[in-house]
$ cat coords12.cif   # mmCIF, N, CA and C atoms and all ligand atoms
data_upload
loop_
_atom_site.label_atom_id
_atom_site.label_comp_id
_atom_site.auth_asym_id
_atom_site.auth_seq_id
_atom_site.Cartn_x
_atom_site.Cartn_y
_atom_site.Cartn_z
N MET A 23 0.86 -1.20 0.00
CA MET A 23 0.00 0.00 0.00
C MET A 23 0.90 1.25 0.00
N HIS A 24 0.57 2.20 -0.82
CA HIS A 24 1.34 3.45 -0.87
C HIS A 24 1.13 4.23 0.44
N TRP A 25 2.16 4.97 0.85
CA TRP A 25 2.04 5.69 2.13
C TRP A 25 0.86 6.65 2.17
N LYS A 26 0.50 7.18 1.00
CA LYS A 26 -0.62 8.12 0.99
C LYS A 26 -1.93 7.42 1.38
N ASP A 27 -2.09 6.19 0.88
CA ASP A 27 -3.29 5.42 1.23
C ASP A 27 -3.27 5.00 2.70
N ARG A 28 -2.06 4.67 3.19
CA ARG A 28 -1.94 4.29 4.61
C ARG A 28 -2.30 5.45 5.51
N ILE A 29 -1.77 6.63 5.17
CA ILE A 29 -2.07 7.80 5.99
C ILE A 29 -3.57 8.07 5.95
N SER A 30 -4.17 8.02 4.76
CA SER A 30 -5.62 8.25 4.63
C SER A 30 -6.39 7.26 5.50
N ALA A 31 -6.00 5.99 5.46
CA ALA A 31 -6.72 4.96 6.21
C ALA A 31 -6.60 5.20 7.72
N ILE A 32 -5.36 5.50 8.18
CA ILE A 32 -5.16 5.68 9.62
C ILE A 32 -5.84 6.97 10.10
N PHE A 33 -5.77 8.02 9.29
CA PHE A 33 -6.46 9.25 9.67
C PHE A 33 -7.96 9.00 9.79
N SER A 34 -8.54 8.26 8.85
CA SER A 34 -9.98 8.06 8.92
C SER A 34 -10.36 7.15 10.11
N GLU A 35 -9.49 6.17 10.44
CA GLU A 35 -9.73 5.35 11.65
C GLU A 35 -9.79 6.22 12.91
N ASN A 36 -8.97 7.27 12.92
CA ASN A 36 -8.91 8.15 14.08
C ASN A 36 -9.91 9.31 14.02
N ASN A 37 -10.71 9.30 12.97
CA ASN A 37 -11.65 10.41 12.73
C ASN A 37 -10.93 11.75 12.59
N TRP A 38 -9.75 11.72 11.97
CA TRP A 38 -9.03 12.97 11.68
C TRP A 38 -9.23 13.27 10.21
N ARG A 39 -9.47 14.51 9.90
CA ARG A 39 -9.66 14.88 8.50
C ARG A 39 -8.31 14.97 7.78
N THR A 40 -8.28 14.51 6.54
CA THR A 40 -7.09 14.74 5.73
C THR A 40 -7.36 16.03 4.93
N THR A 41 -6.45 16.97 5.08
CA THR A 41 -6.65 18.29 4.48
C THR A 41 -5.55 18.55 3.45
N PRO A 42 -5.78 19.51 2.57
CA PRO A 42 -4.70 19.86 1.62
C PRO A 42 -3.41 20.24 2.35
N ALA A 43 -3.52 20.89 3.51
CA ALA A 43 -2.31 21.27 4.27
C ALA A 43 -1.54 20.03 4.69
N LEU A 44 -2.25 19.00 5.11
CA LEU A 44 -1.59 17.75 5.52
C LEU A 44 -0.77 17.19 4.37
N TRP A 45 -1.37 17.11 3.18
CA TRP A 45 -0.67 16.51 2.04
C TRP A 45 0.52 17.35 1.61
N ARG A 46 0.43 18.65 1.78
CA ARG A 46 1.57 19.50 1.43
C ARG A 46 2.73 19.27 2.40
N ILE A 47 2.41 19.12 3.68
CA ILE A 47 3.44 18.86 4.69
C ILE A 47 4.11 17.51 4.41
N VAL A 48 3.26 16.51 4.17
CA VAL A 48 3.76 15.16 3.90
C VAL A 48 4.66 15.16 2.67
N LYS A 49 4.20 15.83 1.62
CA LYS A 49 4.95 15.89 0.38
C LYS A 49 6.31 16.57 0.60
N PHE A 50 6.29 17.65 1.38
CA PHE A 50 7.53 18.36 1.67
C PHE A 50 8.50 17.46 2.45
N LEU A 51 8.01 16.81 3.50
CA LEU A 51 8.89 15.96 4.33
C LEU A 51 9.42 14.77 3.54
N GLU A 52 8.57 14.21 2.70
CA GLU A 52 8.96 13.05 1.92
C GLU A 52 10.06 13.43 0.93
N ALA A 53 10.01 14.64 0.42
CA ALA A 53 11.01 15.09 -0.54
C ALA A 53 12.26 15.67 0.12
N ASN A 54 12.16 16.09 1.37
CA ASN A 54 13.28 16.73 2.07
C ASN A 54 13.58 15.99 3.36
N LYS A 55 14.36 14.93 3.25
CA LYS A 55 14.53 14.03 4.40
C LYS A 55 15.62 14.52 5.36
N LYS A 56 15.31 15.66 5.98
CA LYS A 56 16.15 16.20 7.04
C LYS A 56 15.23 16.62 8.17
N PHE A 57 15.79 16.98 9.32
CA PHE A 57 14.97 17.46 10.43
C PHE A 57 14.52 18.90 10.15
N HIS A 58 13.22 19.16 10.30
CA HIS A 58 12.66 20.49 10.08
C HIS A 58 11.75 20.87 11.25
N SER A 59 11.80 22.13 11.64
CA SER A 59 10.84 22.61 12.64
C SER A 59 9.56 23.00 11.91
N SER A 60 8.48 23.20 12.67
CA SER A 60 7.21 23.61 12.04
C SER A 60 7.39 24.97 11.35
N TYR A 61 8.29 25.80 11.89
CA TYR A 61 8.55 27.11 11.26
C TYR A 61 9.28 26.96 9.93
N ASP A 62 10.27 26.05 9.89
CA ASP A 62 10.97 25.77 8.62
C ASP A 62 9.94 25.37 7.56
N ILE A 63 9.04 24.46 7.95
CA ILE A 63 8.07 23.95 7.00
C ILE A 63 7.12 25.06 6.57
N ALA A 64 6.68 25.87 7.52
CA ALA A 64 5.80 27.01 7.19
C ALA A 64 6.48 27.92 6.18
N ASN A 65 7.78 28.15 6.37
CA ASN A 65 8.55 29.00 5.44
C ASN A 65 8.59 28.43 4.04
N HIS A 66 8.76 27.13 3.94
CA HIS A 66 8.80 26.50 2.62
C HIS A 66 7.45 26.53 1.94
N LEU A 67 6.39 26.30 2.74
CA LEU A 67 5.05 26.19 2.14
C LEU A 67 4.48 27.55 1.74
N LYS A 68 4.93 28.60 2.40
CA LYS A 68 4.29 29.90 2.18
C LYS A 68 4.46 30.45 0.77
N GLU A 69 5.47 29.95 0.06
CA GLU A 69 5.65 30.40 -1.32
C GLU A 69 4.43 30.08 -2.18
N GLU A 70 3.77 28.98 -1.87
CA GLU A 70 2.56 28.60 -2.60
C GLU A 70 1.33 29.18 -1.88
N THR A 71 1.00 28.62 -0.72
CA THR A 71 -0.08 29.16 0.11
C THR A 71 0.38 29.04 1.56
N ALA A 72 0.17 30.10 2.32
CA ALA A 72 0.63 30.07 3.70
C ALA A 72 -0.17 29.07 4.53
N VAL A 73 0.54 28.34 5.39
CA VAL A 73 -0.12 27.47 6.38
C VAL A 73 0.42 27.90 7.73
N ASP A 74 -0.48 28.07 8.67
CA ASP A 74 -0.10 28.52 10.00
C ASP A 74 0.83 27.50 10.68
N PRO A 75 1.96 27.96 11.28
CA PRO A 75 2.86 27.01 11.95
C PRO A 75 2.16 26.17 13.02
N SER A 76 1.13 26.72 13.67
CA SER A 76 0.45 25.93 14.70
C SER A 76 -0.36 24.79 14.09
N THR A 77 -0.91 25.03 12.88
CA THR A 77 -1.61 23.96 12.15
C THR A 77 -0.60 22.88 11.77
N ILE A 78 0.56 23.33 11.29
CA ILE A 78 1.62 22.39 10.90
C ILE A 78 2.04 21.57 12.10
N TYR A 79 2.24 22.23 13.23
CA TYR A 79 2.66 21.57 14.46
C TYR A 79 1.66 20.48 14.86
N ARG A 80 0.38 20.81 14.79
CA ARG A 80 -0.67 19.86 15.18
C ARG A 80 -0.68 18.64 14.24
N LEU A 81 -0.52 18.91 12.94
CA LEU A 81 -0.50 17.80 11.98
C LEU A 81 0.74 16.94 12.15
N LEU A 82 1.87 17.58 12.47
CA LEU A 82 3.11 16.82 12.70
C LEU A 82 2.96 15.92 13.92
N GLU A 83 2.29 16.43 14.95
CA GLU A 83 2.06 15.61 16.14
C GLU A 83 1.24 14.37 15.82
N ARG A 84 0.25 14.54 14.93
CA ARG A 84 -0.56 13.38 14.52
C ARG A 84 0.28 12.40 13.70
N LEU A 85 1.08 12.94 12.80
CA LEU A 85 1.93 12.06 11.97
C LEU A 85 2.94 11.32 12.84
N GLU A 86 3.38 12.00 13.92
CA GLU A 86 4.33 11.36 14.84
C GLU A 86 3.64 10.24 15.62
N LYS A 87 2.42 10.51 16.06
CA LYS A 87 1.64 9.53 16.80
C LYS A 87 1.46 8.24 16.01
N ILE A 88 1.26 8.38 14.71
CA ILE A 88 1.05 7.19 13.88
C ILE A 88 2.36 6.72 13.24
N LYS A 89 3.49 7.27 13.72
CA LYS A 89 4.83 6.82 13.36
C LYS A 89 5.25 7.03 11.90
N PHE A 90 4.68 8.05 11.29
CA PHE A 90 5.12 8.38 9.93
C PHE A 90 6.28 9.37 9.95
N VAL A 91 6.45 10.06 11.07
CA VAL A 91 7.57 10.98 11.22
C VAL A 91 8.21 10.75 12.58
N HIS A 92 9.48 11.15 12.69
CA HIS A 92 10.18 11.12 13.97
C HIS A 92 10.35 12.56 14.42
N ASN A 93 10.39 12.74 15.73
CA ASN A 93 10.56 14.06 16.29
C ASN A 93 11.79 14.03 17.20
N SER A 94 12.67 14.99 17.02
CA SER A 94 13.79 15.14 17.93
C SER A 94 13.96 16.61 18.23
N MET A 95 13.88 16.97 19.46
CA MET A 95 14.07 18.35 19.92
C MET A 95 13.23 19.34 19.11
N GLY A 96 11.98 19.02 18.90
CA GLY A 96 11.09 19.96 18.21
C GLY A 96 11.28 20.05 16.71
N LYS A 97 12.02 19.08 16.14
CA LYS A 97 12.17 19.03 14.69
C LYS A 97 11.73 17.66 14.21
N TRP A 98 11.12 17.67 13.03
CA TRP A 98 10.56 16.41 12.53
C TRP A 98 11.25 15.95 11.27
N ILE A 99 11.21 14.63 11.08
CA ILE A 99 11.76 14.05 9.86
C ILE A 99 10.86 12.90 9.44
N TRP A 100 10.73 12.74 8.13
CA TRP A 100 9.97 11.64 7.55
C TRP A 100 10.61 10.31 7.95
N CYS A 101 9.79 9.32 8.32
CA CYS A 101 10.33 8.00 8.64
C CYS A 101 10.48 7.19 7.36
N ARG A 102 11.72 6.84 7.07
CA ARG A 102 12.00 6.06 5.85
C ARG A 102 11.68 4.59 6.04
N HIS A 103 11.53 4.18 7.29
CA HIS A 103 11.36 2.75 7.58
C HIS A 103 10.03 2.51 8.27
N PHE A 104 8.97 3.09 7.72
CA PHE A 104 7.67 2.99 8.38
C PHE A 104 7.32 1.53 8.66
N GLY A 105 7.00 1.26 9.93
CA GLY A 105 6.56 -0.08 10.31
C GLY A 105 7.68 -1.09 10.49
N ALA A 106 8.94 -0.68 10.25
CA ALA A 106 10.05 -1.63 10.36
C ALA A 106 10.40 -1.89 11.81
N ALA A 107 10.63 -3.17 12.14
CA ALA A 107 11.03 -3.54 13.50
C ALA A 107 12.46 -3.07 13.72
N GLY A 108 12.84 -2.91 14.96
CA GLY A 108 14.18 -2.44 15.27
C GLY A 108 14.12 -0.97 15.61
N GLN A 109 15.28 -0.42 15.94
CA GLN A 109 15.31 0.98 16.33
C GLN A 109 15.71 1.85 15.16
N HIS A 110 15.03 2.96 15.04
CA HIS A 110 15.28 3.89 13.95
C HIS A 110 16.23 4.98 14.47
N HIS A 111 17.39 5.08 13.85
CA HIS A 111 18.38 6.07 14.28
C HIS A 111 18.80 6.91 13.07
N PHE A 112 19.55 7.97 13.34
CA PHE A 112 19.90 8.89 12.26
C PHE A 112 21.39 9.17 12.22
N LEU A 113 21.91 9.18 11.00
CA LEU A 113 23.29 9.57 10.77
C LEU A 113 23.23 10.96 10.13
N ILE A 114 23.87 11.93 10.75
CA ILE A 114 23.87 13.27 10.17
C ILE A 114 25.31 13.65 9.82
N CYS A 115 25.53 14.04 8.56
CA CYS A 115 26.87 14.41 8.13
C CYS A 115 27.20 15.83 8.57
N SER A 116 28.31 15.98 9.28
CA SER A 116 28.72 17.31 9.78
C SER A 116 29.19 18.19 8.64
N SER A 117 29.53 17.57 7.50
CA SER A 117 30.05 18.36 6.40
C SER A 117 28.93 18.82 5.45
N CYS A 118 28.11 17.91 4.96
CA CYS A 118 27.08 18.30 3.98
C CYS A 118 25.67 18.33 4.56
N GLY A 119 25.49 17.86 5.77
CA GLY A 119 24.17 17.89 6.39
C GLY A 119 23.26 16.75 5.97
N ASN A 120 23.78 15.88 5.11
CA ASN A 120 22.99 14.73 4.67
C ASN A 120 22.51 13.93 5.89
N THR A 121 21.23 13.58 5.90
CA THR A 121 20.65 12.86 7.03
C THR A 121 20.12 11.53 6.54
N GLU A 122 20.56 10.47 7.16
CA GLU A 122 20.14 9.15 6.73
C GLU A 122 19.54 8.40 7.90
N GLU A 123 18.37 7.81 7.68
CA GLU A 123 17.77 7.00 8.74
C GLU A 123 18.24 5.56 8.59
N ILE A 124 18.71 5.00 9.68
CA ILE A 124 19.20 3.63 9.65
C ILE A 124 18.49 2.79 10.70
N LEU A 125 18.58 1.49 10.56
CA LEU A 125 18.02 0.58 11.55
C LEU A 125 19.17 -0.14 12.24
N LEU A 126 19.16 -0.15 13.56
CA LEU A 126 20.17 -0.89 14.31
C LEU A 126 19.45 -1.80 15.29
N HIS A 127 20.08 -2.89 15.61
CA HIS A 127 19.45 -3.85 16.52
C HIS A 127 20.40 -4.17 17.65
N TYR A 128 20.52 -3.30 18.61
CA TYR A 128 21.39 -3.58 19.75
C TYR A 128 20.70 -3.20 21.05
N GLN A 129 19.37 -3.02 20.98
CA GLN A 129 18.68 -2.49 22.15
C GLN A 129 18.76 -3.42 23.36
N ASP A 130 18.84 -4.73 23.13
CA ASP A 130 18.91 -5.66 24.26
C ASP A 130 20.17 -5.40 25.09
N ALA A 131 21.30 -5.21 24.39
CA ALA A 131 22.56 -4.97 25.08
C ALA A 131 22.50 -3.64 25.85
N MET A 132 21.91 -2.63 25.22
CA MET A 132 21.83 -1.32 25.86
C MET A 132 20.88 -1.39 27.06
N THR A 133 19.75 -2.07 26.87
CA THR A 133 18.77 -2.20 27.94
C THR A 133 19.41 -2.84 29.17
N ALA A 134 20.20 -3.89 28.96
CA ALA A 134 20.83 -4.60 30.07
C ALA A 134 21.82 -3.68 30.80
N GLN A 135 22.63 -2.94 30.04
CA GLN A 135 23.61 -2.05 30.66
C GLN A 135 22.96 -0.92 31.44
N LEU A 136 21.90 -0.34 30.85
CA LEU A 136 21.22 0.78 31.52
C LEU A 136 20.55 0.31 32.81
N LYS A 137 20.01 -0.89 32.76
CA LYS A 137 19.35 -1.45 33.95
C LYS A 137 20.39 -1.68 35.04
N LYS A 138 21.51 -2.28 34.64
CA LYS A 138 22.55 -2.65 35.60
C LYS A 138 23.24 -1.42 36.18
N ASN A 139 23.68 -0.51 35.31
CA ASN A 139 24.48 0.63 35.76
C ASN A 139 23.66 1.80 36.31
N TYR A 140 22.46 1.98 35.80
CA TYR A 140 21.68 3.16 36.19
C TYR A 140 20.29 2.83 36.74
N ASN A 141 19.98 1.54 36.79
CA ASN A 141 18.65 1.11 37.19
C ASN A 141 17.57 1.86 36.41
N PHE A 142 17.78 1.94 35.11
CA PHE A 142 16.88 2.66 34.22
C PHE A 142 16.27 1.67 33.24
N GLN A 143 14.95 1.70 33.15
CA GLN A 143 14.27 0.77 32.25
C GLN A 143 14.07 1.44 30.88
N LEU A 144 14.87 1.03 29.92
CA LEU A 144 14.78 1.63 28.59
C LEU A 144 13.52 1.16 27.88
N GLN A 145 12.83 2.12 27.28
CA GLN A 145 11.63 1.76 26.51
C GLN A 145 11.87 1.94 25.03
N GLU A 146 12.53 3.03 24.70
CA GLU A 146 12.71 3.33 23.29
C GLU A 146 14.01 4.09 23.12
N ALA A 147 14.75 3.78 22.07
CA ALA A 147 15.99 4.50 21.82
C ALA A 147 15.94 5.11 20.43
N GLU A 148 16.38 6.33 20.33
CA GLU A 148 16.44 7.00 19.03
C GLU A 148 17.69 7.87 19.07
N LEU A 149 18.72 7.45 18.35
CA LEU A 149 19.99 8.15 18.43
C LEU A 149 20.23 9.00 17.19
N ILE A 150 20.87 10.13 17.42
CA ILE A 150 21.30 10.97 16.32
C ILE A 150 22.82 10.96 16.36
N LEU A 151 23.42 10.38 15.36
CA LEU A 151 24.87 10.19 15.33
C LEU A 151 25.47 11.17 14.33
N HIS A 152 26.46 11.94 14.79
CA HIS A 152 27.09 12.94 13.92
C HIS A 152 28.42 12.41 13.40
N GLY A 153 28.70 12.64 12.14
CA GLY A 153 29.95 12.16 11.57
C GLY A 153 30.09 12.61 10.12
N ILE A 154 30.91 11.91 9.38
CA ILE A 154 31.17 12.26 7.98
C ILE A 154 30.58 11.17 7.09
N CYS A 155 29.75 11.56 6.14
CA CYS A 155 29.08 10.57 5.29
C CYS A 155 30.00 10.05 4.20
N ARG A 156 29.54 9.00 3.52
CA ARG A 156 30.37 8.35 2.49
C ARG A 156 30.67 9.29 1.32
N HIS A 157 29.82 10.30 1.10
CA HIS A 157 30.06 11.22 -0.03
C HIS A 157 31.15 12.24 0.31
N CYS A 158 31.31 12.53 1.60
CA CYS A 158 32.24 13.58 2.01
C CYS A 158 33.59 13.05 2.44
N GLU A 159 33.66 11.76 2.63
CA GLU A 159 34.88 11.12 3.07
C GLU A 159 35.96 11.33 2.00
N SER A 160 37.16 11.80 2.42
CA SER A 160 38.15 12.07 1.38
C SER A 160 39.17 10.95 1.29
ZN ZN B 201 11.80 5.60 11.18
ZN ZN B 202 28.36 14.51 3.77
#

$ encode --input "coords12.cif" --output "structure tokens"
Amino acid sequence: MHWKDRISAIFSENNWRTTPALWRIVKFLEANKKFHSSYDIANHLKEETAVDPSTIYRLLERLEKIKFVHNSMGKWIWCRHFGAAGQHHFLICSSCGNTEEILLHYQDAMTAQLKKNYNFQLQEAELILHGICRHCES
């Protein structure tokens, strides 16, 4: 099923309306796979028709709830691995800014260490790793 149909189906299950603003946000995030704040997105969309940042924020929260986007420190990114098991993490290139979503499977090891050393029960891990991407490596 195409992501557009999935979003439509999940939105209708939740009795949320799908609006032209929603599809513009989704289209923007799908085409620009980096972290964006609601203000960044509002700035990009306003060239065509302005959408209020608070509307964008509310729609992003819904997309996050249904796991189509990830949120880190008030910035959102399209999930490239929708529905994939494992932990979704990000590699961000310090040189070109390229952002890549990757899947890693080491949560059991981390969970055990956190429990042992900090008595902390890990529920979810989402790491943002900074480094140099394969295109920038000299
Ligand atoms: Zn993801
Ligand atoms: Zn790079």

$ residues_near_ligand --input "coords12.cif" --ligand "ligand ZN 202 (chain B)" --cutoff "12 Å" --atoms "only C-alpha atoms and all ligand atoms" --output "ChimeraX atom specification"
/A:113-122,152-160

$ select_by_dssp --input "coords12.cif" --residues "chain A" --states "helix (DSSP H, G or I)" --output "ChimeraX atom specification"
/A:25-35,42-53,60-67,75-87,129-140

$ closest_atom_pairs --input "coords12.cif" --of "chain A" --to "ligand ZN 201 (chain B)" --cutoff "7 Å" --atoms "all atoms listed in the file" --output "JSON lines"
{"residue": "A:Lys89", "atom": "C", "partner": "B:ZN201", "partner_atom": "ZN", "distance": 6.7}
{"residue": "A:Phe90", "atom": "C", "partner": "B:ZN201", "partner_atom": "ZN", "distance": 6.8}
{"residue": "A:Val91", "atom": "C", "partner": "B:ZN201", "partner_atom": "ZN", "distance": 6.4}
{"residue": "A:His92", "atom": "N", "partner": "B:ZN201", "partner_atom": "ZN", "distance": 6.2}
{"residue": "A:Trp100", "atom": "C", "partner": "B:ZN201", "partner_atom": "ZN", "distance": 5.8}
{"residue": "A:Cys101", "atom": "CA", "partner": "B:ZN201", "partner_atom": "ZN", "distance": 3.8}
{"residue": "A:Arg102", "atom": "N", "partner": "B:ZN201", "partner_atom": "ZN", "distance": 4.3}
{"residue": "A:His103", "atom": "N", "partner": "B:ZN201", "partner_atom": "ZN", "distance": 4.1}
{"residue": "A:Phe104", "atom": "N", "partner": "B:ZN201", "partner_atom": "ZN", "distance": 5.1}
{"residue": "A:Gly105", "atom": "N", "partner": "B:ZN201", "partner_atom": "ZN", "distance": 6.6}
{"residue": "A:Ala106", "atom": "N", "partner": "B:ZN201", "partner_atom": "ZN", "distance": 7.0}
{"residue": "A:Gln109", "atom": "C", "partner": "B:ZN201", "partner_atom": "ZN", "distance": 6.7}
{"residue": "A:His110", "atom": "CA", "partner": "B:ZN201", "partner_atom": "ZN", "distance": 4.8}
{"residue": "A:His111", "atom": "N", "partner": "B:ZN201", "partner_atom": "ZN", "distance": 6.2}
{"residue": "A:Glu123", "atom": "CA", "partner": "B:ZN201", "partner_atom": "ZN", "distance": 6.6}

$ residues_around --input "coords12.cif" --residues "Asn54 of chain A" --least-positions-apart "5" --cutoff "8 Å" --atoms "only N, CA and C atoms" --output "JSON, numbers by chain"
{"A": [48, 49, 99, 100]}

$ closest_atom_pairs --input "coords12.cif" --of "segment 51-147 of chain A" --to "segment 23-45 of chain A" --cutoff "9 Å" --atoms "only C-alpha atoms" --output "tab-separated table"
residue	atom	partner	partner_atom	distance
A:Val73	CA	A:Ala43	CA	6.9
A:Thr77	CA	A:Ala43	CA	8.4
A:Ile78	CA	A:Ala43	CA	7.8
A:Leu81	CA	A:Leu44	CA	6.6
A:Leu82	CA	A:Leu44	CA	8.6
A:Arg84	CA	A:Phe33	CA	8.7
A:Leu85	CA	A:Ile29	CA	8.4
A:Ile88	CA	A:Ile32	CA	7.7
A:Phe90	CA	A:Ile29	CA	8.2
A:Phe104	CA	A:Trp25	CA	8.8

$ write_last_selection --input "coords12.cif" --atoms "N, CA and C atoms" --output "CSV table (one decimal), in the coordinates of the input"
chain,number,residue,atom,x,y,z
A,73,VAL,N,0.5,28.3,5.4
A,73,VAL,CA,-0.1,27.5,6.4
A,73,VAL,C,0.4,27.9,7.7
A,77,THR,N,-0.9,25.0,12.9
A,77,THR,CA,-1.6,24.0,12.2
A,77,THR,C,-0.6,22.9,11.8
A,78,ILE,N,0.6,23.3,11.3
A,78,ILE,CA,1.6,22.4,10.9
A,78,ILE,C,2.0,21.6,12.1
A,81,LEU,N,-0.5,18.9,12.9
A,81,LEU,CA,-0.5,17.8,12.0
A,81,LEU,C,0.7,16.9,12.2
A,82,LEU,N,1.9,17.6,12.5
A,82,LEU,CA,3.1,16.8,12.7
A,82,LEU,C,3.0,15.9,13.9
A,84,ARG,N,0.2,14.5,14.9
A,84,ARG,CA,-0.6,13.4,14.5
A,84,ARG,C,0.3,12.4,13.7
A,85,LEU,N,1.1,12.9,12.8
A,85,LEU,CA,1.9,12.1,12.0
A,85,LEU,C,2.9,11.3,12.8
A,88,ILE,N,1.3,8.4,14.7
A,88,ILE,CA,1.0,7.2,13.9
A,88,ILE,C,2.4,6.7,13.2
A,90,PHE,N,4.7,8.0,11.3
A,90,PHE,CA,5.1,8.4,9.9
A,90,PHE,C,6.3,9.4,10.0
A,104,PHE,N,9.0,3.1,7.7
A,104,PHE,CA,7.7,3.0,8.4
A,104,PHE,C,7.3,1.5,8.7

$ atom_distance --input "coords12.cif" --atom1 "atom N of Leu67 of chain A" --atom2 "atom CA of Glu86 of chain A"
19.3 Å

$ residues_around --input "coords12.cif" --residues "Asp62 of chain A" --least-positions-apart "4" --cutoff "12 Å" --atoms "only C-alpha atoms" --output "JSON, numbers by chain"
{"A": [47, 50, 51, 54, 56, 57, 58, 66, 67, 68, 73, 74, 75, 78, 79, 96, 97, 98, 99]}

$ write_last_selection --input "coords12.cif" --atoms "N, CA and C atoms" --output "PDB file, in the frame of the given file"
ATOM      1  N   ILE A  47       2.410  19.120   3.680  1.00  0.00           N
ATOM      2  CA  ILE A  47       3.440  18.860   4.690  1.00  0.00           C
ATOM      3  C   ILE A  47       4.110  17.510   4.410  1.00  0.00           C
ATOM      4  N   PHE A  50       6.290  17.650   1.380  1.00  0.00           N
ATOM      5  CA  PHE A  50       7.530  18.360   1.670  1.00  0.00           C
ATOM      6  C   PHE A  50       8.500  17.460   2.450  1.00  0.00           C
ATOM      7  N   LEU A  51       8.010  16.810   3.500  1.00  0.00           N
ATOM      8  CA  LEU A  51       8.890  15.960   4.330  1.00  0.00           C
ATOM      9  C   LEU A  51       9.420  14.770   3.540  1.00  0.00           C
ATOM     10  N   ASN A  54      12.160  16.090   1.370  1.00  0.00           N
ATOM     11  CA  ASN A  54      13.280  16.730   2.070  1.00  0.00           C
ATOM     12  C   ASN A  54      13.580  15.990   3.360  1.00  0.00           C
ATOM     13  N   LYS A  56      15.310  15.660   5.980  1.00  0.00           N
ATOM     14  CA  LYS A  56      16.150  16.200   7.040  1.00  0.00           C
ATOM     15  C   LYS A  56      15.230  16.620   8.170  1.00  0.00           C
ATOM     16  N   PHE A  57      15.790  16.980   9.320  1.00  0.00           N
ATOM     17  CA  PHE A  57      14.970  17.460  10.430  1.00  0.00           C
ATOM     18  C   PHE A  57      14.520  18.900  10.150  1.00  0.00           C
ATOM     19  N   HIS A  58      13.220  19.160  10.300  1.00  0.00           N
ATOM     20  CA  HIS A  58      12.660  20.490  10.080  1.00  0.00           C
ATOM     21  C   HIS A  58      11.750  20.870  11.250  1.00  0.00           C
ATOM     22  N   HIS A  66       8.760  27.130   3.940  1.00  0.00           N
ATOM     23  CA  HIS A  66       8.800  26.500   2.620  1.00  0.00           C
ATOM     24  C   HIS A  66       7.450  26.530   1.940  1.00  0.00           C
ATOM     25  N   LEU A  67       6.390  26.300   2.740  1.00  0.00           N
ATOM     26  CA  LEU A  67       5.050  26.190   2.140  1.00  0.00           C
ATOM     27  C   LEU A  67       4.480  27.550   1.740  1.00  0.00           C
ATOM     28  N   LYS A  68       4.930  28.600   2.400  1.00  0.00           N
ATOM     29  CA  LYS A  68       4.290  29.900   2.180  1.00  0.00           C
ATOM     30  C   LYS A  68       4.460  30.450   0.770  1.00  0.00           C
ATOM     31  N   VAL A  73       0.540  28.340   5.390  1.00  0.00           N
ATOM     32  CA  VAL A  73      -0.120  27.470   6.380  1.00  0.00           C
ATOM     33  C   VAL A  73       0.420  27.900   7.730  1.00  0.00           C
ATOM     34  N   ASP A  74      -0.480  28.070   8.670  1.00  0.00           N
ATOM     35  CA  ASP A  74      -0.100  28.520  10.000  1.00  0.00           C
ATOM     36  C   ASP A  74       0.830  27.500  10.680  1.00  0.00           C
ATOM     37  N   PRO A  75       1.960  27.960  11.280  1.00  0.00           N
ATOM     38  CA  PRO A  75       2.860  27.010  11.950  1.00  0.00           C
ATOM     39  C   PRO A  75       2.160  26.170  13.020  1.00  0.00           C
ATOM     40  N   ILE A  78       0.560  23.330  11.290  1.00  0.00           N
ATOM     41  CA  ILE A  78       1.620  22.390  10.900  1.00  0.00           C
ATOM     42  C   ILE A  78       2.040  21.570  12.100  1.00  0.00           C
ATOM     43  N   TYR A  79       2.240  22.230  13.230  1.00  0.00           N
ATOM     44  CA  TYR A  79       2.660  21.570  14.460  1.00  0.00           C
ATOM     45  C   TYR A  79       1.660  20.480  14.860  1.00  0.00           C
ATOM     46  N   GLY A  96      11.980  19.020  18.900  1.00  0.00           N
ATOM     47  CA  GLY A  96      11.090  19.960  18.210  1.00  0.00           C
ATOM     48  C   GLY A  96      11.280  20.050  16.710  1.00  0.00           C
ATOM     49  N   LYS A  97      12.020  19.080  16.140  1.00  0.00           N
ATOM     50  CA  LYS A  97      12.170  19.030  14.690  1.00  0.00           C
ATOM     51  C   LYS A  97      11.730  17.660  14.210  1.00  0.00           C
ATOM     52  N   TRP A  98      11.120  17.670  13.030  1.00  0.00           N
ATOM     53  CA  TRP A  98      10.560  16.410  12.530  1.00  0.00           C
ATOM     54  C   TRP A  98      11.250  15.950  11.270  1.00  0.00           C
ATOM     55  N   ILE A  99      11.210  14.630  11.080  1.00  0.00           N
ATOM     56  CA  ILE A  99      11.760  14.050   9.860  1.00  0.00           C
ATOM     57  C   ILE A  99      10.860  12.900   9.440  1.00  0.00           C
TER      58      ILE A  99
END

$ closest_residue --input "coords12.cif" --among "A:Ser76, A:Gln129, A:Ser94, A:Gln135" --to "Ala64 of chain A" --atoms "only C-alpha atoms"
A:Ser76

$ select_by_dssp --input "coords12.cif" --residues "segment 88-151 of chain A" --states "strand (DSSP E or B)" --output "number ranges by chain"
A: 91-94, 97-100, 109-115, 121-126, 150-151

$ atom_distance --input "coords12.cif" --atom1 "atom CA of Ile150 of chain A" --atom2 "atom CA of Ser59 of chain A"
16.1 Å

$ atom_distance --input "coords12.cif" --atom1 "atom N of Lys138 of chain A" --atom2 "atom N of Phe112 of chain A"
23.7 Å
